[in-house]
Amino acid sequence: MCTRDSLTAELRALGLCSGETLLLHSSLSSLGWVCGGPVAVVQALLDVLGPDGTLVVPTHTGDNSDPAEWQAPPVPEEWWAEIRASMPPYDRRTTPTRGMGIVPETLRCWPGAVRSTHPQTSFAAVGHRAAAIVDGHALDCRLGERSPLARLEEAGARVLLLGTGFETCTAFHLAEYRIPGPEVENSFAVLTPQGRRWTSVRDTSISDERFDELGAAFEKDRPVVRGNVGAAASRLFPLADAVAYAASWLAEHRPRG
C-alpha cells in the first residue's frame, strides 16, 4: 500500500530534491495499491520538488499521424484519405494523451499545467520553470533541439523512471538529432489561424529500437541511482548524461546512415 506521504518519503530517500527539474516516466500499476491513485502520485512528486521545482511529463499523441504508417493496428488503405481529412486537430488544452499512462494524463489536467504545441510529441509541465521548458516546440522538431528535451537539458534536469524501463526514456531521442540519420516526412492535423489543416514537414527519423540495450549499457557505465518507490523499481539520473552517452552508443551500435 502506498500513500501520498509514503511516496513522498521514498522519493526523497531515492535522492529527489526540492527545487530541481524532473522529467518523469511512470507506471502507476508498478507502484502497488496507491491510496488516491495518480493524484496522490502527482501530489507526492510536487511535495518533494517544492515551489521552486518543475515536474515534466511526455503527453504524446501519436495517433495524430499519417494512417499509412499505422501498424498497431493498421487500417484499410481505402480509409486513409478520409482519416487525413477528418482527424481532429491537436489542441493542447483538450487533446488527451495516448499510450503515456494515467499519471501524465493527470498532470496534463493539473491546475497551472502548461503544454507544448507539437501535435504528436508534446510535453506538459507544472512548476517554476514550466513555461520556459515547453515554449517554442517546433512542428518540424519532435524531440530535438527545438523541443522541450533540449530545454530540460539546459535546465540540468534529471530523469525519473518510476516503474518503467529504459525503453521509455524519451531523452535518448534527443541524441538521435545529434548523430547522422535519415529524415522522413511527418504528417498531422494542426489548428491554424485559418482553421484546421493537414500538414507535412521534414523531420529527423526517430526510433526506440534497442533503447533497452542502450539503457543497460548506460547504467553499467554511468552513475544511476536505483531504488524502490512503493513496489516500483525506479531509476534516477541526469538527462544530459543520458543524452551524451546515447549519442556515442547509438552511433556505434545502431548507425542509421
# chains A, B, ... in the order shown; residues from 1 in each chain; ligands from 1

call {"tool": "residues_around", "arguments": {"residues": "Val41 in chain A", "least_positions_apart": "2", "cutoff": "10 Å", "atoms": "only C-alpha atoms", "output": "ChimeraX atom specification"}}
result
/A:2-5,7-8,26,28,31,34-39,43-47,103,106-107

call {"tool": "closest_atom_pairs", "arguments": {"of": "range 163-205 of chain A", "to": "range 131-152 of chain A", "cutoff": "12 Å", "atoms": "only C-alpha atoms", "output": "Markdown table"}}
result
| residue | atom | partner | partner_atom | distance |
| --- | --- | --- | --- | --- |
| A:Cys169 | CA | A:Leu149 | CA | 11.1 |
| A:Thr170 | CA | A:Leu143 | CA | 8.1 |
| A:Ala171 | CA | A:Leu149 | CA | 6.5 |
| A:Phe172 | CA | A:Leu143 | CA | 9.3 |
| A:His173 | CA | A:Leu143 | CA | 6.2 |
| A:Leu174 | CA | A:Gly144 | CA | 5.0 |
| A:Ala175 | CA | A:Gly144 | CA | 7.9 |
| A:Glu176 | CA | A:Gly144 | CA | 7.9 |
| A:Tyr177 | CA | A:Gly144 | CA | 5.6 |
| A:Arg178 | CA | A:Gly144 | CA | 8.3 |
| A:Ile179 | CA | A:Gly144 | CA | 11.2 |
| A:Glu183 | CA | A:Asp140 | CA | 10.5 |
| A:Val184 | CA | A:Asp140 | CA | 10.3 |
| A:Glu185 | CA | A:Asp140 | CA | 9.4 |
| A:Asn186 | CA | A:Asp140 | CA | 8.1 |
| A:Ser187 | CA | A:Leu139 | CA | 9.8 |
| A:Phe188 | CA | A:Leu139 | CA | 9.6 |
| A:Ala189 | CA | A:Leu139 | CA | 11.0 |
| A:Val190 | CA | A:Leu139 | CA | 9.5 |
| A:Leu191 | CA | A:Leu139 | CA | 11.9 |
| A:Thr199 | CA | A:Leu139 | CA | 9.8 |
| A:Ser200 | CA | A:Asp140 | CA | 8.8 |
| A:Val201 | CA | A:Asp140 | CA | 5.7 |
| A:Arg202 | CA | A:Asp140 | CA | 6.1 |
| A:Asp203 | CA | A:Asp140 | CA | 5.2 |
| A:Thr204 | CA | A:Cys141 | CA | 7.4 |
| A:Ser205 | CA | A:Arg142 | CA | 9.5 |

call {"tool": "closest_residue", "arguments": {"among": "A:Glu209, A:Glu105, A:Met1, A:Ala246", "to": "Trp33 in chain A", "atoms": "only C-alpha atoms"}}
result
A:Met1

call {"tool": "select_by_dssp", "arguments": {"residues": "range 73-169 of chain A", "states": "strand (DSSP E or B)", "output": "list in words"}}
result
Val114, Arg115, Phe123, Ala124, Ala125, Val126, Gly127, Arg158, Val159, Leu160, Leu161 and Leu162 of chain A

call {"tool": "closest_residue", "arguments": {"among": "A:Ala113, A:Val75, A:Val126, A:Leu162", "to": "Val229 in chain A", "atoms": "only C-alpha atoms"}}
result
A:Leu162

call {"tool": "select_by_dssp", "arguments": {"residues": "range 65-230 of chain A", "states": "helix (DSSP H, G or I)", "output": "PyMOL selection string"}}
result
chain A and resi 67-69+77-86+102-108+130-134+148-154+166-168+171-176+211-221

call {"tool": "write_last_selection", "arguments": {"atoms": "C-alpha atoms", "output": "PDB file, in the first residue's frame"}}
result
ATOM      1  CA  PRO A  67      -2.636   6.420 -41.268  1.00  0.00           C
ATOM      2  CA  ALA A  68      -0.434   4.942 -43.994  1.00  0.00           C
ATOM      3  CA  GLU A  69       2.178   4.367 -41.269  1.00  0.00           C
ATOM      4  CA  GLU A  77      -5.955   1.852 -47.338  1.00  0.00           C
ATOM      5  CA  GLU A  78      -9.368   2.989 -48.532  1.00  0.00           C
ATOM      6  CA  TRP A  79      -9.792   4.801 -45.193  1.00  0.00           C
ATOM      7  CA  TRP A  80      -6.602   6.838 -45.396  1.00  0.00           C
ATOM      8  CA  ALA A  81      -7.904   9.847 -47.325  1.00  0.00           C
ATOM      9  CA  GLU A  82     -10.930  10.253 -45.067  1.00  0.00           C
ATOM     10  CA  ILE A  83      -8.800   9.934 -41.910  1.00  0.00           C
ATOM     11  CA  ARG A  84      -6.452  12.654 -43.183  1.00  0.00           C
ATOM     12  CA  ALA A  85      -9.463  14.858 -43.912  1.00  0.00           C
ATOM     13  CA  SER A  86     -11.236  14.173 -40.610  1.00  0.00           C
ATOM     14  CA  ILE A 102      -2.628   7.810 -16.308  1.00  0.00           C
ATOM     15  CA  VAL A 103      -0.030   9.847 -14.366  1.00  0.00           C
ATOM     16  CA  PRO A 104       0.948  12.052 -17.363  1.00  0.00           C
ATOM     17  CA  GLU A 105      -2.721  12.448 -18.263  1.00  0.00           C
ATOM     18  CA  THR A 106      -3.396  13.542 -14.677  1.00  0.00           C
ATOM     19  CA  LEU A 107      -0.593  16.114 -14.775  1.00  0.00           C
ATOM     20  CA  ARG A 108      -1.802  17.401 -18.154  1.00  0.00           C
ATOM     21  CA  ALA A 130       7.224  25.074 -16.703  1.00  0.00           C
ATOM     22  CA  ALA A 131       6.623  27.755 -19.346  1.00  0.00           C
ATOM     23  CA  ALA A 132      10.293  28.025 -20.269  1.00  0.00           C
ATOM     24  CA  ILE A 133      10.503  24.247 -20.730  1.00  0.00           C
ATOM     25  CA  VAL A 134       7.509  23.851 -23.064  1.00  0.00           C
ATOM     26  CA  PRO A 148      11.323  20.582 -24.500  1.00  0.00           C
ATOM     27  CA  LEU A 149      14.003  17.879 -24.262  1.00  0.00           C
ATOM     28  CA  ALA A 150      16.718  20.396 -25.161  1.00  0.00           C
ATOM     29  CA  ARG A 151      15.280  22.908 -22.673  1.00  0.00           C
ATOM     30  CA  LEU A 152      15.316  20.209 -19.985  1.00  0.00           C
ATOM     31  CA  GLU A 153      18.970  19.518 -20.767  1.00  0.00           C
ATOM     32  CA  GLU A 154      19.781  23.221 -20.415  1.00  0.00           C
ATOM     33  CA  PHE A 166      14.853   2.440 -20.388  1.00  0.00           C
ATOM     34  CA  GLU A 167      12.732   1.639 -23.434  1.00  0.00           C
ATOM     35  CA  THR A 168      10.530   4.551 -22.287  1.00  0.00           C
ATOM     36  CA  ALA A 171      15.664  11.676 -23.576  1.00  0.00           C
ATOM     37  CA  PHE A 172      17.532   9.152 -25.724  1.00  0.00           C
ATOM     38  CA  HIS A 173      15.705  10.552 -28.762  1.00  0.00           C
ATOM     39  CA  LEU A 174      17.490  13.891 -28.363  1.00  0.00           C
ATOM     40  CA  ALA A 175      20.707  12.039 -29.136  1.00  0.00           C
ATOM     41  CA  GLU A 176      19.249  10.884 -32.467  1.00  0.00           C
ATOM     42  CA  PHE A 211      16.757   1.533 -26.197  1.00  0.00           C
ATOM     43  CA  ASP A 212      16.616  -1.283 -23.637  1.00  0.00           C
ATOM     44  CA  GLU A 213      20.145  -2.359 -24.598  1.00  0.00           C
ATOM     45  CA  LEU A 214      21.316   1.241 -24.587  1.00  0.00           C
ATOM     46  CA  GLY A 215      19.887   1.728 -21.102  1.00  0.00           C
ATOM     47  CA  ALA A 216      21.555  -1.413 -19.776  1.00  0.00           C
ATOM     48  CA  ALA A 217      24.924  -0.186 -21.049  1.00  0.00           C
ATOM     49  CA  PHE A 218      24.309   3.307 -19.688  1.00  0.00           C
ATOM     50  CA  GLU A 219      23.571   2.224 -16.139  1.00  0.00           C
ATOM     51  CA  LYS A 220      26.543  -0.137 -16.195  1.00  0.00           C
ATOM     52  CA  ASP A 221      28.939   2.644 -17.209  1.00  0.00           C
TER      53      ASP A 221
END

call {"tool": "closest_residue", "arguments": {"among": "A:Gly99, A:Gly163, A:Gly50, A:Pro255", "to": "Asn228 in chain A", "atoms": "only C-alpha atoms"}}
result
A:Gly163

call {"tool": "atom_distance", "arguments": {"atom1": "CA of Arg222 in chain A", "atom2": "CA of Glu252 in chain A"}}
result
17.4 Å

call {"tool": "closest_residue", "arguments": {"among": "A:Ala125, A:Ala242, A:Met100, A:Leu236", "to": "Gly15 in chain A", "atoms": "only C-alpha atoms"}}
result
A:Leu236

call {"tool": "atom_distance", "arguments": {"atom1": "CA of Gly181 in chain A", "atom2": "CA of Gly257 in chain A"}}
result
5.4 Å

call {"tool": "closest_residue", "arguments": {"among": "A:Asn64, A:Leu55, A:Pro238, A:Trp249", "to": "Trp110 in chain A", "atoms": "only C-alpha atoms"}}
result
A:Leu55
